[in-house]
$ cat structure28.cif   # mmCIF, C-alpha atoms
data_run
#
loop_
_atom_site.label_atom_id
_atom_site.label_comp_id
_atom_site.auth_asym_id
_atom_site.auth_seq_id
_atom_site.Cartn_x
_atom_site.Cartn_y
_atom_site.Cartn_z
CA MET A 1 21.85 16.17 -25.34
CA LYS A 2 21.64 13.69 -28.25
CA ASP A 3 25.12 12.37 -27.42
CA LYS A 4 24.25 12.06 -23.72
CA LYS A 5 21.11 10.13 -24.66
CA SER A 6 22.87 7.70 -26.98
CA ARG A 7 25.56 6.99 -24.36
CA LEU A 8 22.81 6.54 -21.75
CA LYS A 9 21.00 4.10 -24.04
CA GLU A 10 24.16 1.98 -24.23
CA LYS A 11 24.46 2.11 -20.45
CA LEU A 12 20.87 0.93 -19.99
CA PHE A 13 21.45 -2.11 -22.21
CA GLU A 14 24.78 -2.81 -20.51
CA LYS A 15 23.45 -2.58 -16.95
CA ALA A 16 19.68 -2.64 -16.64
CA VAL A 17 17.85 -4.39 -19.53
CA ARG A 18 17.51 -8.17 -19.37
CA PHE A 19 15.61 -10.53 -21.70
CA GLY A 20 13.61 -13.60 -20.57
CA ASP A 21 10.16 -14.40 -19.15
CA PHE A 22 9.22 -11.95 -16.41
CA THR A 23 6.17 -11.11 -14.33
CA LEU A 24 6.21 -7.41 -13.49
CA ALA A 25 5.12 -5.79 -10.21
CA SER A 26 1.89 -4.80 -12.01
CA GLY A 27 1.16 -8.51 -12.65
CA LEU A 28 1.74 -8.13 -16.41
CA LYS A 29 3.97 -10.64 -18.22
CA SER A 30 6.94 -9.41 -20.23
CA THR A 31 9.77 -10.73 -22.39
CA TYR A 32 12.12 -8.10 -21.01
CA TYR A 33 12.84 -6.57 -17.63
CA ILE A 34 14.44 -3.24 -16.78
CA ASN A 35 16.10 -3.06 -13.37
CA GLY A 36 16.44 0.71 -13.24
CA LYS A 37 18.52 0.58 -10.07
CA MET A 38 21.37 -1.13 -11.94
CA ALA A 39 21.69 2.09 -13.97
CA THR A 40 20.72 4.65 -11.32
CA LEU A 41 23.26 3.20 -8.86
CA ASP A 42 26.10 3.29 -11.42
CA SER A 43 28.12 6.50 -11.08
CA GLU A 44 28.25 7.29 -14.80
CA GLY A 45 24.68 6.07 -15.30
CA LEU A 46 23.25 8.28 -12.55
CA ASN A 47 25.32 11.24 -13.65
CA MET A 48 23.93 10.96 -17.20
CA ILE A 49 20.33 10.34 -16.09
CA SER A 50 20.49 13.35 -13.76
CA GLU A 51 22.06 15.65 -16.37
CA VAL A 52 19.53 14.64 -19.04
CA MET A 53 16.60 15.17 -16.66
CA LEU A 54 18.01 18.58 -15.64
CA ASP A 55 18.25 19.44 -19.36
CA MET A 56 14.60 18.41 -19.79
CA LEU A 57 13.66 20.69 -16.85
CA GLU A 58 15.68 23.66 -18.06
CA ASN A 59 12.62 25.68 -19.09
CA THR A 60 10.24 24.26 -16.49
CA GLU A 61 9.33 26.34 -13.48
CA CYS A 62 9.55 23.94 -10.54
CA ASP A 63 10.79 23.98 -6.95
CA ALA A 64 11.13 20.32 -6.06
CA VAL A 65 11.83 16.89 -7.49
CA GLY A 66 10.89 13.60 -5.86
CA GLY A 67 9.35 10.21 -6.31
CA PRO A 68 8.40 6.87 -4.82
CA THR A 69 10.97 5.03 -2.74
CA LEU A 70 13.15 3.08 -3.43
CA GLY A 71 13.51 3.44 -7.18
CA ALA A 72 13.47 7.23 -7.27
CA ASP A 73 15.77 7.78 -4.27
CA PRO A 74 19.23 7.79 -5.88
CA MET A 75 17.84 9.77 -8.85
CA VAL A 76 16.51 12.44 -6.48
CA GLY A 77 19.96 12.64 -4.89
CA GLY A 78 21.81 12.83 -8.21
CA ILE A 79 19.48 15.45 -9.67
CA ILE A 80 19.44 17.85 -6.72
CA ALA A 81 23.20 17.55 -6.08
CA LEU A 82 23.99 18.30 -9.74
CA ALA A 83 21.32 21.04 -9.91
CA HIS A 84 23.36 22.96 -7.33
CA ASN A 85 26.36 22.92 -9.72
CA ARG A 86 24.13 24.60 -12.33
CA GLY A 87 23.19 27.30 -9.82
CA ARG A 88 19.70 25.86 -9.54
CA LYS A 89 18.04 25.23 -6.21
CA LEU A 90 15.83 22.14 -6.26
CA THR A 91 14.33 20.65 -3.13
CA GLY A 92 14.31 16.84 -3.02
CA PHE A 93 11.62 14.65 -1.54
CA ILE A 94 10.92 10.94 -1.24
CA VAL A 95 7.44 9.40 -1.08
CA ARG A 96 7.20 6.42 1.28
CA LYS A 97 5.04 3.42 0.42
CA GLU A 98 3.39 3.72 3.82
CA SER A 99 3.87 6.24 6.60
CA LYS A 100 6.04 5.34 9.58
CA ASP A 101 3.02 5.58 11.91
CA HIS A 102 0.68 3.92 9.39
CA GLY A 103 -1.39 7.10 9.18
CA THR A 104 -2.17 8.95 5.96
CA LYS A 105 0.29 11.74 6.78
CA ASN A 106 4.07 11.76 6.76
CA LEU A 107 4.32 9.91 3.47
CA ILE A 108 6.65 12.67 2.30
CA GLU A 109 10.28 12.81 3.48
CA GLY A 110 12.41 15.88 2.96
CA PRO A 111 12.06 19.67 3.12
CA LEU A 112 9.09 19.86 0.72
CA GLU A 113 6.72 22.72 1.58
CA PRO A 114 3.04 23.12 0.70
CA GLY A 115 2.62 25.31 -2.38
CA MET A 116 5.78 24.12 -4.07
CA LYS A 117 5.65 23.18 -7.74
CA THR A 118 6.93 19.62 -8.01
CA ILE A 119 8.19 17.16 -10.60
CA VAL A 120 7.59 13.47 -9.86
CA ILE A 121 10.28 11.11 -11.15
CA GLU A 122 10.54 7.35 -11.53
CA ASP A 123 13.01 4.99 -13.12
CA VAL A 124 10.61 2.87 -15.18
CA ALA A 125 6.93 3.59 -15.85
CA THR A 126 4.60 0.68 -16.61
CA THR A 127 0.91 1.29 -15.84
CA GLY A 128 1.64 4.56 -14.08
CA GLY A 129 0.12 3.26 -10.85
CA SER A 130 3.12 4.04 -8.65
CA ALA A 131 3.49 7.53 -10.15
CA LYS A 132 -0.21 8.14 -9.47
CA LYS A 133 0.21 7.11 -5.81
CA ALA A 134 3.13 9.53 -5.45
CA ILE A 135 1.16 12.31 -7.18
CA ASP A 136 -1.81 11.74 -4.85
CA ALA A 137 0.50 11.99 -1.80
CA VAL A 138 2.17 15.16 -3.10
CA ARG A 139 -1.18 16.79 -3.87
CA ALA A 140 -2.56 15.80 -0.43
CA PHE A 141 0.51 17.52 1.03
CA GLY A 142 -0.58 20.74 -0.71
CA CYS A 143 1.78 20.80 -3.68
CA ASP A 144 1.13 21.04 -7.39
CA VAL A 145 2.59 18.37 -9.70
CA VAL A 146 3.70 20.06 -12.91
CA GLY A 147 5.19 17.02 -14.64
CA VAL A 148 6.35 13.43 -14.47
CA LEU A 149 9.75 12.36 -15.82
CA VAL A 150 10.91 8.76 -16.16
CA ILE A 151 13.94 7.07 -17.66
CA VAL A 152 11.93 4.52 -19.64
CA ASP A 153 8.23 4.37 -20.48
CA ARG A 154 7.26 0.73 -21.08
CA ASP A 155 4.14 2.01 -22.89
CA GLN A 156 1.67 0.05 -20.80
CA GLY A 157 -0.73 2.80 -19.77
CA ALA A 158 1.28 5.39 -17.82
CA LYS A 159 1.02 8.05 -20.52
CA GLU A 160 -2.76 7.65 -20.83
CA LEU A 161 -3.30 7.64 -17.05
CA LEU A 162 -1.20 10.77 -16.51
CA ASN A 163 -2.74 12.58 -19.48
CA GLU A 164 -6.17 11.87 -17.94
CA MET A 165 -4.90 13.45 -14.73
CA GLY A 166 -3.76 16.49 -16.73
CA ILE A 167 -0.09 16.00 -15.96
CA PRO A 168 2.60 16.31 -18.65
CA PHE A 169 4.55 13.04 -18.91
CA GLU A 170 7.99 12.88 -20.46
CA PRO A 171 10.19 9.78 -20.65
CA ILE A 172 13.87 10.00 -21.61
CA PHE A 173 13.20 6.91 -23.74
CA THR A 174 10.02 5.27 -24.92
CA LYS A 175 9.98 1.49 -25.32
CA ALA A 176 10.06 2.03 -29.11
CA GLU A 177 13.13 4.29 -28.88
CA LEU A 178 14.95 1.43 -27.12
CA GLY A 179 13.75 -1.05 -29.76
CA LEU A 180 11.96 -3.15 -27.11
CA MET B 181 37.49 21.65 3.01
CA LYS B 182 37.34 23.76 6.18
CA ASP B 183 35.16 26.33 4.41
CA LYS B 184 32.88 23.61 3.05
CA LYS B 185 32.54 22.18 6.56
CA SER B 186 31.69 25.49 8.19
CA ARG B 187 29.06 26.26 5.54
CA LEU B 188 27.69 22.73 5.97
CA LYS B 189 27.50 23.24 9.73
CA GLU B 190 25.35 26.35 9.19
CA LYS B 191 23.13 24.37 6.81
CA LEU B 192 22.63 21.61 9.39
CA PHE B 193 21.47 24.09 12.02
CA GLU B 194 19.27 25.88 9.49
CA LYS B 195 17.59 22.72 8.17
CA ALA B 196 18.08 19.63 10.29
CA VAL B 197 18.80 20.29 13.98
CA ARG B 198 15.83 20.90 16.28
CA PHE B 199 15.73 21.32 20.08
CA GLY B 200 13.06 19.88 22.41
CA ASP B 201 12.23 16.56 24.12
CA PHE B 202 12.69 13.65 21.74
CA THR B 203 12.69 9.87 21.91
CA LEU B 204 15.07 8.50 19.29
CA ALA B 205 14.60 5.36 17.15
CA SER B 206 17.05 3.64 19.52
CA GLY B 207 14.69 4.36 22.47
CA LEU B 208 17.12 6.87 24.01
CA LYS B 209 15.81 10.28 25.12
CA SER B 210 17.39 13.45 23.78
CA THR B 211 17.10 17.22 24.06
CA TYR B 212 17.88 17.60 20.37
CA TYR B 213 16.93 15.84 17.18
CA ILE B 214 18.71 15.78 13.83
CA ASN B 215 16.49 15.05 10.82
CA GLY B 216 19.29 14.31 8.39
CA LYS B 217 16.90 14.13 5.44
CA MET B 218 16.13 17.86 5.77
CA ALA B 219 19.79 18.48 4.87
CA THR B 220 20.39 15.57 2.48
CA LEU B 221 17.30 16.50 0.43
CA ASP B 222 18.37 20.15 0.13
CA SER B 223 20.27 20.73 -3.12
CA GLU B 224 23.09 22.79 -1.57
CA GLY B 225 23.11 20.57 1.54
CA LEU B 226 23.46 17.34 -0.41
CA ASN B 227 26.04 18.85 -2.74
CA MET B 228 28.21 19.89 0.24
CA ILE B 229 27.75 16.61 2.12
CA SER B 230 28.68 14.63 -1.00
CA GLU B 231 31.72 16.78 -1.81
CA VAL B 232 33.02 16.61 1.78
CA MET B 233 32.57 12.82 1.88
CA LEU B 234 34.35 12.49 -1.48
CA ASP B 235 37.20 14.60 -0.05
CA MET B 236 37.34 12.25 2.96
CA LEU B 237 37.54 9.26 0.58
CA GLU B 238 40.20 10.81 -1.65
CA ASN B 239 42.97 8.51 -0.41
CA THR B 240 40.77 5.50 0.36
CA GLU B 241 40.77 2.54 -1.99
CA CYS B 242 37.11 1.63 -2.38
CA ASP B 243 34.76 0.51 -5.14
CA ALA B 244 31.32 1.16 -3.74
CA VAL B 245 29.36 3.40 -1.39
CA GLY B 246 26.00 2.55 0.15
CA GLY B 247 23.92 2.44 3.28
CA PRO B 248 20.61 1.68 4.93
CA THR B 249 17.45 2.93 3.29
CA LEU B 250 15.92 5.53 3.51
CA GLY B 251 18.37 7.87 5.18
CA ALA B 252 21.38 6.95 3.07
CA ASP B 253 19.57 6.88 -0.30
CA PRO B 254 19.88 10.50 -1.45
CA MET B 255 23.46 10.63 -0.12
CA VAL B 256 24.39 7.57 -2.18
CA GLY B 257 22.93 9.29 -5.26
CA GLY B 258 24.70 12.59 -4.61
CA ILE B 259 28.06 10.97 -3.90
CA ILE B 260 28.18 8.64 -6.90
CA ALA B 261 26.84 11.28 -9.33
CA LEU B 262 29.47 13.82 -8.20
CA ALA B 263 32.22 11.15 -8.08
CA HIS B 264 31.79 10.79 -11.84
CA ASN B 265 32.59 14.50 -12.27
CA ARG B 266 35.89 13.86 -10.44
CA GLY B 267 36.69 11.02 -12.84
CA ARG B 268 36.06 8.49 -10.10
CA LYS B 269 33.89 5.41 -10.62
CA LEU B 270 31.95 4.49 -7.48
CA THR B 271 29.20 1.90 -7.48
CA GLY B 272 26.18 2.76 -5.34
CA PHE B 273 24.10 0.36 -3.31
CA ILE B 274 21.17 0.56 -0.92
CA VAL B 275 20.54 -1.85 1.97
CA ARG B 276 16.86 -2.67 2.49
CA LYS B 277 15.43 -3.12 5.97
CA GLU B 278 13.96 -6.44 4.87
CA SER B 279 14.17 -8.27 1.58
CA LYS B 280 11.29 -8.05 -0.88
CA ASP B 281 10.66 -11.80 -0.55
CA HIS B 282 11.29 -11.78 3.22
CA GLY B 283 14.30 -14.07 2.78
CA THR B 284 17.79 -13.26 3.98
CA LYS B 285 19.03 -12.53 0.46
CA ASN B 286 18.35 -9.55 -1.80
CA LEU B 287 18.83 -7.03 0.97
CA ILE B 288 21.22 -5.21 -1.35
CA GLU B 289 19.93 -3.11 -4.26
CA GLY B 290 22.25 -1.90 -7.01
CA PRO B 291 25.16 -3.21 -9.07
CA LEU B 292 27.31 -4.20 -6.06
CA GLU B 293 29.48 -7.26 -6.76
CA PRO B 294 31.03 -9.72 -4.30
CA GLY B 295 34.65 -8.82 -3.58
CA MET B 296 34.12 -5.08 -3.84
CA LYS B 297 35.59 -2.84 -1.17
CA THR B 298 32.75 -0.81 0.26
CA ILE B 299 32.11 2.27 2.36
CA VAL B 300 28.92 2.30 4.44
CA ILE B 301 27.33 5.73 4.91
CA GLU B 302 24.58 7.09 7.12
CA ASP B 303 23.22 10.50 7.90
CA VAL B 304 23.24 10.36 11.71
CA ALA B 305 24.91 7.70 13.87
CA THR B 306 23.55 7.04 17.35
CA THR B 307 24.27 3.57 18.78
CA GLY B 308 25.64 2.31 15.47
CA GLY B 309 22.98 -0.40 15.32
CA SER B 310 21.70 0.46 11.85
CA ALA B 311 25.25 0.76 10.46
CA LYS B 312 26.01 -2.68 11.94
CA LYS B 313 22.95 -4.20 10.23
CA ALA B 314 24.07 -2.74 6.90
CA ILE B 315 27.64 -3.96 7.44
CA ASP B 316 26.38 -7.47 8.24
CA ALA B 317 24.32 -7.49 5.02
CA VAL B 318 27.24 -6.22 2.92
CA ARG B 319 29.62 -8.80 4.41
CA ALA B 320 27.06 -11.61 3.89
CA PHE B 321 26.94 -10.48 0.25
CA GLY B 322 30.70 -11.12 0.02
CA CYS B 323 32.06 -7.60 0.24
CA ASP B 324 34.58 -6.04 2.56
CA VAL B 325 33.60 -2.91 4.52
CA VAL B 326 36.62 -0.60 4.68
CA GLY B 327 35.00 2.30 6.51
CA VAL B 328 31.88 4.00 7.79
CA LEU B 329 31.19 7.70 7.12
CA VAL B 330 28.37 9.68 8.69
CA ILE B 331 27.36 13.33 8.68
CA VAL B 332 26.93 13.54 12.47
CA ASP B 333 28.03 11.18 15.23
CA ARG B 334 25.75 11.68 18.22
CA ASP B 335 28.41 9.97 20.38
CA GLN B 336 26.11 7.33 21.81
CA GLY B 337 28.09 4.17 21.09
CA ALA B 338 28.57 3.98 17.30
CA LYS B 339 32.30 4.67 17.45
CA GLU B 340 32.90 2.00 20.09
CA LEU B 341 30.75 -0.59 18.32
CA LEU B 342 32.46 -0.04 14.96
CA ASN B 343 35.94 0.00 16.52
CA GLU B 344 35.12 -3.38 18.11
CA MET B 345 34.20 -4.63 14.63
CA GLY B 346 37.54 -3.34 13.34
CA ILE B 347 36.00 -0.79 10.99
CA PRO B 348 37.32 2.78 10.71
CA PHE B 349 34.57 5.26 11.56
CA GLU B 350 34.71 8.87 10.48
CA PRO B 351 31.97 11.46 11.05
CA ILE B 352 32.02 14.82 9.25
CA PHE B 353 31.00 16.29 12.62
CA THR B 354 31.03 14.91 16.14
CA LYS B 355 28.34 16.05 18.55
CA ALA B 356 31.00 18.14 20.30
CA GLU B 357 32.04 19.86 17.05
CA LEU B 358 28.43 20.96 16.64
CA GLY B 359 28.29 22.16 20.25
CA LEU B 360 25.41 19.78 21.04
#
$ encode --input "structure28.cif" --output "structure tokens"
Amino acid sequence: MKDKKSRLKEKLFEKAVRFGDFTLASGLKSTYYINGKMATLDSEGLNMISEVMLDMLENTECDAVGGPTLGADPMVGGIIALAHNRGRKLTGFIVRKESKDHGTKNLIEGPLEPGMKTIVIEDVATTGGSAKKAIDAVRAFGCDVVGVLVIVDRDQGAKELLNEMGIPFEPIFTKAELGL
Amino acid sequence: MKDKKSRLKEKLFEKAVRFGDFTLASGLKSTYYINGKMATLDSEGLNMISEVMLDMLENTECDAVGGPTLGADPMVGGIIALAHNRGRKLTGFIVRKESKDHGTKNLIEGPLEPGMKTIVIEDVATTGGSAKKAIDAVRAFGCDVVGVLVIVDRDQGAKELLNEMGIPFEPIFTKAELGL
């Protein structure tokens, strides 16, 4: 797993990390930007991200993996398709930003069923606000959230927010591990 | 591949095909509905769909695979992640319904580059309208579209529309092959 992670780190710097003056979706300013989709939509990148996340979930009892569209979508696909090759059945789901009929229901796409134990995934965590929205939707649907996995934690509040909610939070890389 | 297809057919009827009175997104009425996401977000379902599509692309020269959000998203992830295990590099991309800044640019997410030969994928084709929108966006981005693959062709105009546009169209299953 250490080798996979160091190759993945190279891939992130090659494809997804850019330096400059950025204003993030959260409104915060930053000297670097991580476009997770440039790594999650690269065939080797997604394969590595999916395999590392499946390694992280090896001893976790869970039925389903999903996250907020659009960032989580290819990761959900990669993880559940590769899970099958490990003999593991994982249901995928995608959380819409708003429901098709603008109601509070139908935010969840996919064969998720109430009572399932879920993992919420994201590419990059900043304040944790988008993960929280997804968690709220999954809980309203009747499922338990047993953990949150992300590729990179920018260390801007996500960990604290999720800890407060009582949900284990595990990034593949912290900001410090990437030297950012 | 024949075994994969017959197992996939069972999976579609188990997960995605429902009978009743439906009005489709295109406005057409139907006695059956196919919720592709119930199959593409199933770990075995997505694994089979991705492997069959990769088999169909075995002799096709292409650099990238993508399609319209949200239906195509998990398929894009499954296909590019499994392509890597075959030693094949395929870039993924996702076509947004509208750009984040409501302009005509930035409809494409992912590391697609102008000049790439692309395959557009969808779960279910009806009139072909959503495939056409994705093709228009990909062409405007400077890429060639060398084919369209779908899981099911409902036989309601997609084939004719894409043939008119000069783009090869290949469903895993036609409506007739599913006995619908």
$ calpha_fit_and_write --input "structure28.cif" --fixed "chain B" --moving "chain A" --output "compact mmCIF listing (two decimals) with C-alpha atoms, in the coordinates of the input"
# COMPACT_ATOMS: atom_id res chain seq x y z
CA MET A 1 37.52 21.65 3.04
CA LYS A 2 37.36 23.78 6.22
CA ASP A 3 35.17 26.34 4.44
CA LYS A 4 32.89 23.61 3.06
CA LYS A 5 32.54 22.19 6.57
CA SER A 6 31.70 25.50 8.22
CA ARG A 7 29.06 26.26 5.55
CA LEU A 8 27.68 22.73 5.99
CA LYS A 9 27.49 23.24 9.76
CA GLU A 10 25.35 26.34 9.20
CA LYS A 11 23.14 24.37 6.83
CA LEU A 12 22.63 21.60 9.39
CA PHE A 13 21.48 24.08 12.03
CA GLU A 14 19.28 25.87 9.50
CA LYS A 15 17.59 22.73 8.17
CA ALA A 16 18.08 19.63 10.28
CA VAL A 17 18.79 20.30 13.99
CA ARG A 18 15.81 20.88 16.28
CA PHE A 19 15.73 21.33 20.07
CA GLY A 20 13.04 19.88 22.40
CA ASP A 21 12.23 16.58 24.12
CA PHE A 22 12.69 13.66 21.74
CA THR A 23 12.69 9.88 21.91
CA LEU A 24 15.07 8.51 19.29
CA ALA A 25 14.58 5.37 17.18
CA SER A 26 17.05 3.64 19.54
CA GLY A 27 14.68 4.36 22.47
CA LEU A 28 17.10 6.88 24.01
CA LYS A 29 15.80 10.29 25.13
CA SER A 30 17.39 13.45 23.78
CA THR A 31 17.10 17.23 24.06
CA TYR A 32 17.88 17.61 20.37
CA TYR A 33 16.92 15.85 17.17
CA ILE A 34 18.70 15.78 13.83
CA ASN A 35 16.49 15.06 10.82
CA GLY A 36 19.29 14.32 8.38
CA LYS A 37 16.90 14.15 5.44
CA MET A 38 16.13 17.87 5.77
CA ALA A 39 19.79 18.48 4.86
CA THR A 40 20.39 15.57 2.49
CA LEU A 41 17.31 16.49 0.43
CA ASP A 42 18.36 20.15 0.11
CA SER A 43 20.27 20.74 -3.13
CA GLU A 44 23.08 22.78 -1.58
CA GLY A 45 23.11 20.59 1.54
CA LEU A 46 23.47 17.34 -0.42
CA ASN A 47 26.04 18.85 -2.74
CA MET A 48 28.20 19.88 0.24
CA ILE A 49 27.75 16.59 2.12
CA SER A 50 28.68 14.63 -1.01
CA GLU A 51 31.72 16.78 -1.81
CA VAL A 52 33.01 16.60 1.78
CA MET A 53 32.57 12.82 1.89
CA LEU A 54 34.35 12.48 -1.49
CA ASP A 55 37.19 14.59 -0.04
CA MET A 56 37.34 12.25 2.97
CA LEU A 57 37.55 9.26 0.58
CA GLU A 58 40.20 10.80 -1.66
CA ASN A 59 42.97 8.50 -0.42
CA THR A 60 40.77 5.50 0.36
CA GLU A 61 40.77 2.55 -1.98
CA CYS A 62 37.11 1.62 -2.37
CA ASP A 63 34.76 0.51 -5.15
CA ALA A 64 31.31 1.17 -3.74
CA VAL A 65 29.36 3.40 -1.39
CA GLY A 66 26.00 2.54 0.15
CA GLY A 67 23.92 2.44 3.27
CA PRO A 68 20.61 1.68 4.92
CA THR A 69 17.44 2.94 3.28
CA LEU A 70 15.92 5.52 3.49
CA GLY A 71 18.36 7.87 5.17
CA ALA A 72 21.38 6.95 3.06
CA ASP A 73 19.58 6.88 -0.31
CA PRO A 74 19.88 10.50 -1.47
CA MET A 75 23.46 10.63 -0.12
CA VAL A 76 24.39 7.57 -2.19
CA GLY A 77 22.94 9.29 -5.25
CA GLY A 78 24.71 12.59 -4.61
CA ILE A 79 28.07 10.97 -3.91
CA ILE A 80 28.19 8.64 -6.91
CA ALA A 81 26.85 11.28 -9.34
CA LEU A 82 29.47 13.81 -8.20
CA ALA A 83 32.22 11.15 -8.08
CA HIS A 84 31.78 10.78 -11.85
CA ASN A 85 32.60 14.50 -12.28
CA ARG A 86 35.90 13.85 -10.45
CA GLY A 87 36.68 11.00 -12.85
CA ARG A 88 36.06 8.48 -10.09
CA LYS A 89 33.91 5.43 -10.61
CA LEU A 90 31.95 4.50 -7.48
CA THR A 91 29.21 1.90 -7.48
CA GLY A 92 26.18 2.77 -5.34
CA PHE A 93 24.10 0.36 -3.31
CA ILE A 94 21.17 0.57 -0.92
CA VAL A 95 20.54 -1.85 1.95
CA ARG A 96 16.85 -2.66 2.48
CA LYS A 97 15.44 -3.10 5.98
CA GLU A 98 13.96 -6.42 4.89
CA SER A 99 14.18 -8.27 1.60
CA LYS A 100 11.29 -8.07 -0.85
CA ASP A 101 10.66 -11.82 -0.49
CA HIS A 102 11.32 -11.78 3.27
CA GLY A 103 14.32 -14.07 2.80
CA THR A 104 17.83 -13.28 4.00
CA LYS A 105 19.05 -12.53 0.47
CA ASN A 106 18.35 -9.58 -1.79
CA LEU A 107 18.82 -7.03 0.97
CA ILE A 108 21.22 -5.23 -1.35
CA GLU A 109 19.93 -3.11 -4.26
CA GLY A 110 22.23 -1.92 -7.00
CA PRO A 111 25.15 -3.22 -9.06
CA LEU A 112 27.30 -4.20 -6.06
CA GLU A 113 29.47 -7.25 -6.77
CA PRO A 114 31.02 -9.71 -4.31
CA GLY A 115 34.64 -8.81 -3.59
CA MET A 116 34.11 -5.08 -3.85
CA LYS A 117 35.59 -2.84 -1.18
CA THR A 118 32.73 -0.80 0.26
CA ILE A 119 32.12 2.28 2.37
CA VAL A 120 28.92 2.31 4.43
CA ILE A 121 27.33 5.73 4.91
CA GLU A 122 24.58 7.09 7.13
CA ASP A 123 23.21 10.51 7.90
CA VAL A 124 23.25 10.35 11.70
CA ALA A 125 24.91 7.69 13.86
CA THR A 126 23.54 7.04 17.35
CA THR A 127 24.27 3.57 18.77
CA GLY A 128 25.63 2.31 15.47
CA GLY A 129 22.98 -0.41 15.32
CA SER A 130 21.70 0.47 11.85
CA ALA A 131 25.24 0.75 10.46
CA LYS A 132 26.02 -2.67 11.94
CA LYS A 133 22.96 -4.20 10.23
CA ALA A 134 24.07 -2.73 6.89
CA ILE A 135 27.65 -3.96 7.44
CA ASP A 136 26.38 -7.47 8.23
CA ALA A 137 24.32 -7.49 5.00
CA VAL A 138 27.24 -6.23 2.91
CA ARG A 139 29.61 -8.80 4.41
CA ALA A 140 27.06 -11.61 3.87
CA PHE A 141 26.94 -10.48 0.23
CA GLY A 142 30.70 -11.13 0.01
CA CYS A 143 32.06 -7.60 0.23
CA ASP A 144 34.58 -6.03 2.56
CA VAL A 145 33.60 -2.90 4.51
CA VAL A 146 36.62 -0.61 4.68
CA GLY A 147 34.99 2.30 6.50
CA VAL A 148 31.87 4.00 7.78
CA LEU A 149 31.19 7.69 7.12
CA VAL A 150 28.36 9.69 8.69
CA ILE A 151 27.36 13.33 8.69
CA VAL A 152 26.94 13.54 12.46
CA ASP A 153 28.03 11.18 15.23
CA ARG A 154 25.74 11.67 18.24
CA ASP A 155 28.41 9.96 20.38
CA GLN A 156 26.11 7.32 21.81
CA GLY A 157 28.10 4.18 21.08
CA ALA A 158 28.57 3.98 17.30
CA LYS A 159 32.31 4.67 17.44
CA GLU A 160 32.90 2.00 20.10
CA LEU A 161 30.75 -0.59 18.31
CA LEU A 162 32.46 -0.05 14.96
CA ASN A 163 35.94 0.01 16.50
CA GLU A 164 35.12 -3.37 18.09
CA MET A 165 34.20 -4.62 14.63
CA GLY A 166 37.54 -3.34 13.32
CA ILE A 167 36.00 -0.80 10.98
CA PRO A 168 37.33 2.77 10.70
CA PHE A 169 34.56 5.25 11.56
CA GLU A 170 34.70 8.86 10.47
CA PRO A 171 31.97 11.46 11.05
CA ILE A 172 32.01 14.82 9.26
CA PHE A 173 31.00 16.29 12.63
CA THR A 174 31.04 14.90 16.13
CA LYS A 175 28.34 16.04 18.55
CA ALA A 176 31.00 18.15 20.31
CA GLU A 177 32.04 19.85 17.05
CA LEU A 178 28.41 20.96 16.63
CA GLY A 179 28.28 22.16 20.25
CA LEU A 180 25.41 19.77 21.04
$ resolve_selection --input "structure28.cif" --expression "the PyMOL selection byres ((chain B and resi 292) around 7)" --output "ChimeraX atom specification"
/B:271,273,290-291,293-294
$ atom_distance --input "structure28.cif" --atom1 "atom CA of Leu270 of chain B" --atom2 "atom CA of Phe19 of chain A"
26.4 Å
$ closest_atom_pairs --input "structure28.cif" --of "chain B" --to "chain A" --cutoff "6 Å" --atoms "all atoms listed in the file" --output "Markdown table"
| residue | atom | partner | partner_atom | distance |
| --- | --- | --- | --- | --- |
| B:Lys217 | CA | A:Gly110 | CA | 5.4 |
| B:Met218 | CA | A:Gly110 | CA | 5.1 |
| B:Leu221 | CA | A:Gly92 | CA | 4.6 |
| B:Asp222 | CA | A:Thr91 | CA | 5.2 |
| B:Ser223 | CA | A:Ile80 | CA | 4.7 |
| B:Glu224 | CA | A:His84 | CA | 5.8 |
| B:Leu226 | CA | A:Ala81 | CA | 5.7 |
| B:Asn227 | CA | A:Ala81 | CA | 4.6 |
| B:Asp253 | CA | A:Asp73 | CA | 5.6 |
| B:Pro254 | CA | A:Gly77 | CA | 4.1 |
| B:Gly257 | CA | A:Pro74 | CA | 4.0 |
| B:Gly258 | CA | A:Gly78 | CA | 4.6 |
| B:Ile260 | CA | A:Ser43 | CA | 4.7 |
| B:Ala261 | CA | A:Asn47 | CA | 4.6 |
| B:His264 | CA | A:Ser43 | CA | 5.7 |
| B:Lys269 | CA | A:Ser43 | CA | 5.9 |
| B:Leu270 | CA | A:Ser43 | CA | 5.6 |
| B:Thr271 | CA | A:Asp42 | CA | 5.2 |
| B:Gly272 | CA | A:Leu41 | CA | 4.6 |
| B:Gly290 | CA | A:Met38 | CA | 5.1 |
| B:Pro291 | CA | A:Met38 | CA | 5.2 |
$ write_last_selection --input "structure28.cif" --atoms "C-alpha atoms" --output "short mmCIF file (atom, residue, chain, number, x, y, z; two decimals), in the frame of the given file"
data_model
loop_
_atom_site.label_atom_id
_atom_site.label_comp_id
_atom_site.auth_asym_id
_atom_site.auth_seq_id
_atom_site.Cartn_x
_atom_site.Cartn_y
_atom_site.Cartn_z
CA LYS B 217 16.90 14.13 5.44
CA MET B 218 16.13 17.86 5.77
CA LEU B 221 17.30 16.50 0.43
CA ASP B 222 18.37 20.15 0.13
CA SER B 223 20.27 20.73 -3.12
CA GLU B 224 23.09 22.79 -1.57
CA LEU B 226 23.46 17.34 -0.41
CA ASN B 227 26.04 18.85 -2.74
CA ASP B 253 19.57 6.88 -0.30
CA PRO B 254 19.88 10.50 -1.45
CA GLY B 257 22.93 9.29 -5.26
CA GLY B 258 24.70 12.59 -4.61
CA ILE B 260 28.18 8.64 -6.90
CA ALA B 261 26.84 11.28 -9.33
CA HIS B 264 31.79 10.79 -11.84
CA LYS B 269 33.89 5.41 -10.62
CA LEU B 270 31.95 4.49 -7.48
CA THR B 271 29.20 1.90 -7.48
CA GLY B 272 26.18 2.76 -5.34
CA GLY B 290 22.25 -1.90 -7.01
CA PRO B 291 25.16 -3.21 -9.07
#
